[in-house]
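Some notes on the structure that comes next.
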Amino acid sequence: MRPGVKLFVGNVPEEATSEELTELFAGAAGPVLGVALMKQFAFVHLRDEAAAARAIAQLNGHQLHGRRVVVEPSRPRPTHTCKIFVGNVSAACTSGELRTLFQQYGPVVECDVVKV
C-alpha cells in the first residue's frame, strides 16, 4: 500500500498516459507518489491532504484530450459488499434499469454503466 492520500480520477480519455497524469498532478499539487491508470479512470497517490485539496481544486473539471476529468477523494468500498462486472450490456441500458434488475437479489450499493 502506498503512503499518502489516494484520489480517484474519472472520465479519463483512452489517449491519456500514466506519465501525462503524473505531470499534470505534479504541476497542480506537488510530488506524485504513484499513478494507477485503468480504462477511463485512474488512482493518483499524493503526499498529503493539502496536496490532494490543491489537486481537486485545480483539476476537477480539467479538460484532458477533450474530456472533463473528475477528481475526488477515493472512497473505499463499504464492508460486506462485493463488486461484479456485467458485460455485453446494451448501449441503451441505464444504471437505473440495472439497479432494478439486481435489487431483487439484495441491496445495490453502487451501479454504474460505463459507455465505451
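So you can find residues: chains in the C-alpha cells are A, B, ... in the order shown, residues in each start at 1, and ligands are numbered from 1 in order.
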
Problem - Neighbour list for Gly106 in chain A as a list in words, cut-off 12 Å, only C-alpha atoms, skip fewer than 5 positions in-chain - result: Thr81, Cys82, Arg99, Thr100 and Leu101 of chain A

Selection to disk with all heavy atoms, as an mmCIF file, in the first residue's frame:
data_model
loop_
_atom_site.group_PDB
_atom_site.id
_atom_site.type_symbol
_atom_site.label_atom_id
_atom_site.label_comp_id
_atom_site.auth_asym_id
_atom_site.auth_seq_id
_atom_site.Cartn_x
_atom_site.Cartn_y
_atom_site.Cartn_z
ATOM 1 N N THR A 81 -19.536 -6.013 1.105
ATOM 2 C CA THR A 81 -20.101 -5.873 -0.230
ATOM 3 C C THR A 81 -19.154 -6.540 -1.215
ATOM 4 O O THR A 81 -18.008 -6.836 -0.886
ATOM 5 C CB THR A 81 -20.257 -4.385 -0.644
ATOM 6 O OG1 THR A 81 -18.972 -3.790 -0.723
ATOM 7 C CG2 THR A 81 -21.132 -3.621 0.320
ATOM 8 N N CYS A 82 -19.641 -6.780 -2.404
ATOM 9 C CA CYS A 82 -18.779 -7.293 -3.461
ATOM 10 C C CYS A 82 -19.107 -6.546 -4.742
ATOM 11 O O CYS A 82 -20.190 -6.007 -4.904
ATOM 12 C CB CYS A 82 -18.944 -8.801 -3.645
ATOM 13 S SG CYS A 82 -20.577 -9.283 -4.196
ATOM 14 N N ARG A 99 -29.875 -1.409 -11.803
ATOM 15 C CA ARG A 99 -30.128 -1.409 -10.356
ATOM 16 C C ARG A 99 -31.425 -2.154 -10.054
ATOM 17 O O ARG A 99 -31.469 -3.022 -9.176
ATOM 18 C CB ARG A 99 -30.201 0.027 -9.843
ATOM 19 C CG ARG A 99 -30.450 0.127 -8.344
ATOM 20 C CD ARG A 99 -30.495 1.585 -7.896
ATOM 21 N NE ARG A 99 -29.207 2.240 -8.042
ATOM 22 C CZ ARG A 99 -28.237 2.189 -7.143
ATOM 23 N NH1 ARG A 99 -28.403 1.509 -6.032
ATOM 24 N NH2 ARG A 99 -27.109 2.823 -7.346
ATOM 25 N N THR A 100 -32.470 -1.845 -10.782
ATOM 26 C CA THR A 100 -33.774 -2.500 -10.579
ATOM 27 C C THR A 100 -33.665 -4.007 -10.782
ATOM 28 O O THR A 100 -34.203 -4.796 -10.001
ATOM 29 C CB THR A 100 -34.821 -1.903 -11.535
ATOM 30 O OG1 THR A 100 -34.941 -0.506 -11.261
ATOM 31 C CG2 THR A 100 -36.166 -2.567 -11.367
ATOM 32 N N LEU A 101 -32.946 -4.411 -11.821
ATOM 33 C CA LEU A 101 -32.779 -5.830 -12.119
ATOM 34 C C LEU A 101 -32.073 -6.567 -10.979
ATOM 35 O O LEU A 101 -32.493 -7.643 -10.560
ATOM 36 C CB LEU A 101 -31.993 -6.002 -13.421
ATOM 37 C CG LEU A 101 -31.697 -7.430 -13.847
ATOM 38 C CD1 LEU A 101 -32.994 -8.157 -14.203
ATOM 39 C CD2 LEU A 101 -30.746 -7.436 -15.030
#

Problem - Selection near range 58-70 of chain A, 8 Å with only C-alpha atoms, sequence-local residues under 4 positions removed, as a ChimeraX atom specification - result: /A:8-13,15-16,25,28,54

Practice task
Have a look at CA of Val5 in chain A and CA of Val113 in chain A and let me know their distance in Å, one decimal.
Solution key: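 Pair CA of Val5 in chain A / CA of Val113 in chain A returns 26.8 Å.
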
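Distance annotation: of A:Gly4, A:Val35, A:Val109, A:Val71, the residue with the minimal separation from Ala50 in chain A is A:Gly4; atom set is only C-alpha atoms.
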
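Our summary of the geometry notes that CA of Arg77 in chain A is positioned 23.5 Å from CA of Val32 in chain A.
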
Based on DSSP run over this structure's backbone, return all residues of chain A in alpha helix (DSSP H), as a short mmCIF file (atom, residue, chain, number, x, y, z; two decimals) with C-alpha atoms, in the first residue's frame.
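See selection11.cif below for the written result:
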data_model
loop_
_atom_site.label_atom_id
_atom_site.label_comp_id
_atom_site.auth_asym_id
_atom_site.auth_seq_id
_atom_site.Cartn_x
_atom_site.Cartn_y
_atom_site.Cartn_z
CA SER A 18 0.43 7.49 -16.62
CA GLU A 19 3.29 9.87 -17.38
CA GLU A 20 0.86 12.55 -18.55
CA LEU A 21 -1.25 12.21 -15.39
CA THR A 22 1.87 12.31 -13.22
CA GLU A 23 3.00 15.54 -14.87
CA LEU A 24 -0.49 17.09 -14.66
CA PHE A 25 -0.92 16.31 -10.95
CA ALA A 26 2.67 17.25 -10.07
CA GLY A 27 2.12 20.67 -11.64
CA ALA A 28 -1.05 21.23 -9.62
CA ALA A 29 -0.20 19.60 -6.30
CA GLU A 49 -4.29 16.14 2.38
CA ALA A 50 -3.13 19.65 1.40
CA ALA A 51 -1.75 18.34 -1.91
CA ALA A 52 -4.96 16.39 -2.51
CA ALA A 53 -7.08 19.51 -1.84
CA ARG A 54 -4.97 21.53 -4.33
CA ALA A 55 -5.32 18.82 -6.97
CA ILE A 56 -9.09 18.60 -6.53
CA ALA A 57 -9.50 22.41 -6.62
CA GLN A 58 -7.33 22.84 -9.72
CA LEU A 59 -8.03 19.70 -11.75
CA SER A 95 -27.84 2.34 -14.45
CA GLY A 96 -31.38 2.62 -13.07
CA GLU A 97 -32.51 -0.36 -15.12
CA LEU A 98 -29.55 -2.45 -13.96
CA ARG A 99 -30.13 -1.41 -10.36
CA THR A 100 -33.77 -2.50 -10.58
CA LEU A 101 -32.78 -5.83 -12.12
CA PHE A 102 -30.22 -6.65 -9.41
CA GLN A 103 -32.15 -5.34 -6.39
#

Problem - Those in chain A with strand (DSSP E or B) from DSSP, as a ChimeraX atom specification - result: /A:5-10,32-37,41-46,63-64,67-68,70-73

Problem - Separation of CA of Asp112 in chain A from CA of Phe85 in chain A, in Å and rounded to one decimal - result: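 So the answer is 10.0 Å.
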